[in-house]
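**Student:** Can you read through this structure? Questions will come right after.
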Amino acid sequence: MIRQFIASIAVLAAAAFAWLYFAPGAPQVLSNAGIVLPFGPQAEAATPAPQTGGQGQRPGNQQAAGGPGGSGGPGRPGGFGARTTNVITTGVTLARINDTLAAIGEGTPVRSVTVAATSGGELTEVLVRPGQIVEAGATIARFDAAAEQIEFDRAQLALEDARATLTRTEGLANNNVVAGTALTAAQLSAANAQLALRNAEMALTRRTIESPIGGKVGLIRVTPGNYVPAQTTVTSIDDTSSILIDFWVPERYAAQIEPGMPVTVNAIALPGQSFAGDISAIDTRIDPASRTLQVQAEIPNPEGALRAGMSFTVSLAFPGEEYPAVNPLAILWSAQGSYVWKYLDGKATRVMAEIIQRNSDGVLVRSDLKPGDAIITEGILQLSEGATVNLLEGPDGTGATPPQPSVATN
């Protein structure tokens, strides 16, 4: 118990001594309370200074060594009064955020069609191969069309006969040999024959499958010689002269995105290559589940390096926002919020600094700071508002080089 008591007394004494030594104004507090210490500036102030030996000098004109003019009084580094703190500073820089948006998108052809059989029948031949580039209207495949050809020929004969009958009837009607009703019936018969021929021609045309657009042929889904039902997929045609990339952006960017904005994309399958394009379409609604907006960009693909279905990283540039960036070591907290110490004319000034974003190389703040301002990063724990500081290293906020400590030489 005695040892614990002695240890407690020693800890309290050390704490009191540390407070007296490190806390600015501690001796003055004790002096105001009527406590006079046997050491420090109070003891020095109570000890009269030695006489200078001059003639006519009275004791009342003498100054104590520890007074305002003494070497150990308050404001001097050697005493227990206000001390000058050594500090190191770093400069304030400007950093821009929210100036680039990166998103992941998926590519689709600028035009794509799925070619299907419009009617059922036996597939006789396929005239293209996968990967082949075809023009619009090129023949892809043919079905057996013997029955349709017969119907077409029969419709042609019927039309020729109806037209001949119409010609004879018109001649007789001009000579008033036949009534007008006979002429009308002949005209109707010729018109019906014309429609029957067109119907037969359409049925015959549908036995041939043609490409509706120009592009690259996909995989062939059918085999010649098999019966292919109607609406069966034969192949696909993709126009990849341009690639459309669908991606989603956060809601806060909705007001900044416009058609025609330039974009840069990188294909995951083609590392190291970048492709440029622009925004071609923007959705009219924000997705309520993800709070994102769907955007579509068109990327020219003249060399065919990009394929439909690829994954892309899309980058967009925006004006962004600029904020002062300070060293993370300079940030301190108080009841009012975060703040930093600014070095100005040899003194420390507190500046409130609201943290906007933390980065690895600096902290972006909303504050009354300008580029080049000197922010104290070392020695900040011993500072108070308006305290005098000694700049050891770093900028001084004016662009001038701070004075370096002198080194004594023999």
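Naming works like this for the structure tokens: A, B, ... for the chains as they're shown, residue 1 at the start of each chain, ligands 1 onward in shown order.
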Just asking: which residues within stretch 125-246 of chain A are strand (DSSP E or B) according to DSSP, as a VMD selection string?
**Tutor:** chain A and resid 125 to 126 133 to 134 139 to 143 208 to 210 215 to 217 227 to 228 233 to 246
**Student:** Excluding stretch 220-229 of chain A and its own-chain neighbours fewer than 4 positions away, which residues fall within 6 Å of it when counting only C-alpha atoms? Please give them as a ChimeraX atom specification.
**Tutor:** /A:120-125,234-235
**Student:** Name all residues at most 10 Å from A:Arg358 (count only C-alpha atoms; drop same-chain ones fewer than 5 positions away) and give them as a list of chain:residue names.
**Tutor:** A:Ala325, A:Val326, A:Pro328, A:Val363, A:Leu364, A:Val365
**Student:** In terms of the shortest atom-to-atom distance over only C-alpha atoms, which of A:Asp238, A:Glu354, A:Glu106, A:Glu298 is closest to A:Gly215?
**Tutor:**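 With only C-alpha atoms as the atom set, the closest residue is A:Asp238.
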**Student:** Excluding same-chain residues fewer than 4 positions from stretch 366-375 of chain A, what lies within 10 Å of it counting only C-alpha atoms, as a ChimeraX atom specification?
**Tutor:** /A:87-95,322-327,329-331,339-344,348-357,380,394-399
**Student:** With N, CA and C atoms retained, export the selected residues as a short mmCIF file (atom, residue, chain, number, x, y, z; two decimals), in the first residue's frame.
**Tutor:**
```cif
data_model
loop_
_atom_site.label_atom_id
_atom_site.label_comp_id
_atom_site.auth_asym_id
_atom_site.auth_seq_id
_atom_site.Cartn_x
_atom_site.Cartn_y
_atom_site.Cartn_z
N VAL A 87 7.14 24.59 -36.24
CA VAL A 87 6.13 23.94 -37.08
C VAL A 87 6.72 23.67 -38.46
N ILE A 88 6.03 22.77 -39.16
CA ILE A 88 6.33 22.45 -40.56
C ILE A 88 5.03 22.59 -41.34
N THR A 89 5.09 23.16 -42.52
CA THR A 89 3.88 23.43 -43.31
C THR A 89 3.94 22.71 -44.66
N THR A 90 2.77 22.59 -45.24
CA THR A 90 2.62 22.14 -46.63
C THR A 90 1.65 23.08 -47.32
N GLY A 91 1.77 23.19 -48.64
CA GLY A 91 0.95 24.12 -49.39
C GLY A 91 -0.40 23.54 -49.77
N VAL A 92 -1.37 24.42 -49.91
CA VAL A 92 -2.71 24.02 -50.37
C VAL A 92 -2.71 23.92 -51.89
N THR A 93 -3.32 22.87 -52.41
CA THR A 93 -3.46 22.70 -53.85
C THR A 93 -4.95 22.60 -54.19
N LEU A 94 -5.25 22.66 -55.47
CA LEU A 94 -6.62 22.51 -55.95
C LEU A 94 -6.79 21.13 -56.57
N ALA A 95 -7.89 20.49 -56.28
CA ALA A 95 -8.18 19.17 -56.84
C ALA A 95 -9.58 19.21 -57.43
N GLU A 322 -14.09 21.95 -58.19
CA GLU A 322 -12.75 22.15 -57.61
C GLU A 322 -12.85 22.46 -56.13
N TYR A 323 -11.96 21.83 -55.35
CA TYR A 323 -11.90 22.06 -53.91
C TYR A 323 -10.44 22.16 -53.49
N PRO A 324 -10.15 22.91 -52.41
CA PRO A 324 -8.79 22.90 -51.87
C PRO A 324 -8.44 21.52 -51.31
N ALA A 325 -7.21 21.10 -51.53
CA ALA A 325 -6.72 19.82 -51.01
C ALA A 325 -5.61 20.10 -50.01
N VAL A 326 -5.73 19.50 -48.82
CA VAL A 326 -4.75 19.69 -47.75
C VAL A 326 -4.19 18.34 -47.34
N ASN A 327 -3.05 18.41 -46.65
CA ASN A 327 -2.41 17.20 -46.14
C ASN A 327 -3.31 16.57 -45.07
N LEU A 329 -2.57 15.05 -42.48
CA LEU A 329 -2.06 15.28 -41.13
C LEU A 329 -2.49 16.61 -40.54
N ALA A 330 -3.00 17.52 -41.38
CA ALA A 330 -3.36 18.85 -40.89
C ALA A 330 -4.77 18.91 -40.32
N ILE A 331 -5.58 17.88 -40.52
CA ILE A 331 -6.98 17.92 -40.10
C ILE A 331 -7.09 17.69 -38.60
N TYR A 339 -11.12 21.38 -38.74
CA TYR A 339 -10.42 22.62 -39.03
C TYR A 339 -8.95 22.33 -39.27
N VAL A 340 -8.24 23.35 -39.76
CA VAL A 340 -6.79 23.27 -39.96
C VAL A 340 -6.16 24.54 -39.40
N TRP A 341 -4.83 24.46 -39.18
CA TRP A 341 -4.08 25.63 -38.74
C TRP A 341 -3.36 26.20 -39.96
N LYS A 342 -3.61 27.48 -40.20
CA LYS A 342 -2.99 28.18 -41.33
C LYS A 342 -1.84 29.06 -40.82
N TYR A 343 -0.70 28.96 -41.47
CA TYR A 343 0.47 29.78 -41.10
C TYR A 343 0.39 31.10 -41.85
N LEU A 344 0.40 32.21 -41.12
CA LEU A 344 0.32 33.53 -41.75
C LEU A 344 1.10 34.53 -40.91
N ALA A 348 -0.25 31.33 -36.04
CA ALA A 348 -1.17 30.24 -36.39
C ALA A 348 -2.60 30.76 -36.34
N THR A 349 -3.35 30.50 -37.41
CA THR A 349 -4.74 30.93 -37.50
C THR A 349 -5.63 29.73 -37.79
N ARG A 350 -6.66 29.57 -37.01
CA ARG A 350 -7.58 28.44 -37.21
C ARG A 350 -8.53 28.76 -38.37
N VAL A 351 -8.67 27.78 -39.27
CA VAL A 351 -9.57 27.91 -40.43
C VAL A 351 -10.46 26.67 -40.47
N MET A 352 -11.77 26.86 -40.42
CA MET A 352 -12.70 25.73 -40.49
C MET A 352 -12.63 25.10 -41.88
N ALA A 353 -12.67 23.78 -41.91
CA ALA A 353 -12.51 23.05 -43.17
C ALA A 353 -13.45 21.84 -43.17
N GLU A 354 -14.53 21.94 -43.91
CA GLU A 354 -15.49 20.83 -44.03
C GLU A 354 -14.96 19.79 -45.00
N ILE A 355 -14.86 18.57 -44.56
CA ILE A 355 -14.30 17.50 -45.38
C ILE A 355 -15.30 17.10 -46.46
N ILE A 356 -14.85 17.12 -47.71
CA ILE A 356 -15.68 16.71 -48.84
C ILE A 356 -15.34 15.30 -49.28
N GLN A 357 -14.06 15.00 -49.39
CA GLN A 357 -13.64 13.68 -49.87
C GLN A 357 -12.24 13.41 -49.38
N ILE A 380 1.01 20.80 -34.54
CA ILE A 380 -0.34 21.36 -34.47
C ILE A 380 -0.99 21.17 -33.10
N GLY A 394 8.96 24.19 -45.11
CA GLY A 394 7.72 24.28 -45.85
C GLY A 394 7.43 25.69 -46.30
N PRO A 395 6.40 25.86 -47.12
CA PRO A 395 6.05 27.20 -47.63
C PRO A 395 5.49 28.08 -46.52
N ASP A 396 5.61 29.41 -46.75
CA ASP A 396 5.10 30.35 -45.77
C ASP A 396 3.84 31.05 -46.24
N GLY A 397 3.29 30.61 -47.38
CA GLY A 397 2.05 31.18 -47.88
C GLY A 397 2.23 32.40 -48.76
N THR A 398 3.47 32.88 -48.91
CA THR A 398 3.73 34.07 -49.74
C THR A 398 4.52 33.73 -50.99
N GLY A 399 4.95 32.48 -51.09
CA GLY A 399 5.78 32.07 -52.22
C GLY A 399 7.25 32.23 -51.96
#
```
**Student:** At what distance in Å, to one decimal, does atom CA of A:Ile237 lie from atom CA of A:Gly131?
**Tutor:**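 Separation of atom CA of A:Gly131 and atom CA of A:Ile237: 9.4 Å.
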**Student:** To one decimal place in Å, what is the distance between atom CA of A:Arg291 and atom CA of A:Glu251?
**Tutor:** 5.7 Å
**Student:** Please report the interatomic distance between atom CA of A:Thr100 and atom CA of A:Pro288 in Å with one decimal.
**Tutor:**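 For atom CA of A:Thr100 relative to atom CA of A:Pro288, the distance reads 23.8 Å.
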**Student:** Give the answer as one residue: which of A:Asn176, A:Ala7, A:Asn86, A:Ile243 has the shortest atom-to-atom distance to A:Leu392, using only C-alpha atoms?
**Tutor:** A:Asn86
**Student:** Show me, as a ChimeraX atom specification, the residues that have an atom within 10 Å of stretch 255-258 of chain A when counting only C-alpha atoms, minus same-chain residues fewer than 6 positions from it.
**Tutor:** /A:249,278-282,293,295,316-319
**Student:** Could those selected residues go to a file with N, CA, C and O atoms, as a PDB file, in the first residue's frame?
**Tutor:**
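Once everything was written out, this is selection34.pdb:
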```
ATOM      1  N   VAL A 249     -25.940   5.414 -65.765  1.00  0.00           N
ATOM      2  CA  VAL A 249     -25.221   6.441 -65.012  1.00  0.00           C
ATOM      3  C   VAL A 249     -26.037   6.819 -63.779  1.00  0.00           C
ATOM      4  O   VAL A 249     -27.274   6.713 -63.793  1.00  0.00           O
ATOM      5  N   ASP A 278     -19.863   8.970 -79.480  1.00  0.00           N
ATOM      6  CA  ASP A 278     -20.683   9.971 -78.810  1.00  0.00           C
ATOM      7  C   ASP A 278     -21.997   9.347 -78.368  1.00  0.00           C
ATOM      8  O   ASP A 278     -22.358   8.245 -78.781  1.00  0.00           O
ATOM      9  N   ILE A 279     -22.697  10.077 -77.513  1.00  0.00           N
ATOM     10  CA  ILE A 279     -23.971   9.604 -76.989  1.00  0.00           C
ATOM     11  C   ILE A 279     -25.036   9.772 -78.070  1.00  0.00           C
ATOM     12  O   ILE A 279     -25.206  10.865 -78.622  1.00  0.00           O
ATOM     13  N   SER A 280     -25.747   8.703 -78.363  1.00  0.00           N
ATOM     14  CA  SER A 280     -26.759   8.723 -79.416  1.00  0.00           C
ATOM     15  C   SER A 280     -28.178   8.785 -78.872  1.00  0.00           C
ATOM     16  O   SER A 280     -29.071   9.283 -79.552  1.00  0.00           O
ATOM     17  N   ALA A 281     -28.419   8.277 -77.678  1.00  0.00           N
ATOM     18  CA  ALA A 281     -29.778   8.259 -77.138  1.00  0.00           C
ATOM     19  C   ALA A 281     -29.725   8.238 -75.616  1.00  0.00           C
ATOM     20  O   ALA A 281     -28.792   7.696 -75.021  1.00  0.00           O
ATOM     21  N   ILE A 282     -30.741   8.850 -74.998  1.00  0.00           N
ATOM     22  CA  ILE A 282     -30.868   8.904 -73.543  1.00  0.00           C
ATOM     23  C   ILE A 282     -32.289   8.524 -73.185  1.00  0.00           C
ATOM     24  O   ILE A 282     -33.254   9.014 -73.794  1.00  0.00           O
ATOM     25  N   LEU A 293     -29.879   6.119 -64.828  1.00  0.00           N
ATOM     26  CA  LEU A 293     -30.432   6.507 -66.120  1.00  0.00           C
ATOM     27  C   LEU A 293     -29.731   5.723 -67.217  1.00  0.00           C
ATOM     28  O   LEU A 293     -28.497   5.677 -67.255  1.00  0.00           O
ATOM     29  N   VAL A 295     -28.300   5.097 -70.813  1.00  0.00           N
ATOM     30  CA  VAL A 295     -27.745   5.932 -71.874  1.00  0.00           C
ATOM     31  C   VAL A 295     -27.174   5.016 -72.947  1.00  0.00           C
ATOM     32  O   VAL A 295     -26.680   3.919 -72.655  1.00  0.00           O
ATOM     33  N   LEU A 316     -16.849   9.234 -69.485  1.00  0.00           N
ATOM     34  CA  LEU A 316     -17.391  10.528 -69.889  1.00  0.00           C
ATOM     35  C   LEU A 316     -16.714  11.621 -69.085  1.00  0.00           C
ATOM     36  O   LEU A 316     -16.406  11.431 -67.912  1.00  0.00           O
ATOM     37  N   ALA A 317     -16.482  12.756 -69.710  1.00  0.00           N
ATOM     38  CA  ALA A 317     -15.843  13.901 -69.051  1.00  0.00           C
ATOM     39  C   ALA A 317     -16.894  14.962 -68.744  1.00  0.00           C
ATOM     40  O   ALA A 317     -17.758  15.255 -69.580  1.00  0.00           O
ATOM     41  N   PHE A 318     -16.796  15.544 -67.528  1.00  0.00           N
ATOM     42  CA  PHE A 318     -17.699  16.596 -67.086  1.00  0.00           C
ATOM     43  C   PHE A 318     -16.873  17.769 -66.568  1.00  0.00           C
ATOM     44  O   PHE A 318     -15.681  17.622 -66.286  1.00  0.00           O
ATOM     45  N   PRO A 319     -17.490  18.954 -66.429  1.00  0.00           N
ATOM     46  CA  PRO A 319     -16.730  20.093 -65.876  1.00  0.00           C
ATOM     47  C   PRO A 319     -16.181  19.820 -64.481  1.00  0.00           C
ATOM     48  O   PRO A 319     -15.078  20.231 -64.153  1.00  0.00           O
TER      49      PRO A 319
END
```
**Student:** Near A:Lys347, within 6 Å and counting only C-alpha atoms, which residues show up once chain neighbours fewer than 2 positions away are dropped, as a list of chain:residue names?
**Tutor:**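 Surrounding residues, per the criterion: A:Tyr343, A:Leu344, A:Asp345, A:Gly386, A:Ala387, A:Thr388, A:Val389.
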**Student:** Near A:Ile245, counting only C-alpha atoms, which residues have an atom at most 7 Å away, once you skip same-chain residues fewer than 3 positions from it, shown as a ChimeraX atom specification?
**Tutor:** /A:105-108,296-298
**Student:** Pull the helix (DSSP H, G or I) assignments for stretch 144-334 of chain A out of DSSP run on the backbone, and list those residues as a ChimeraX atom specification.
**Tutor:** /A:146-174,180-205,251-253,328-330
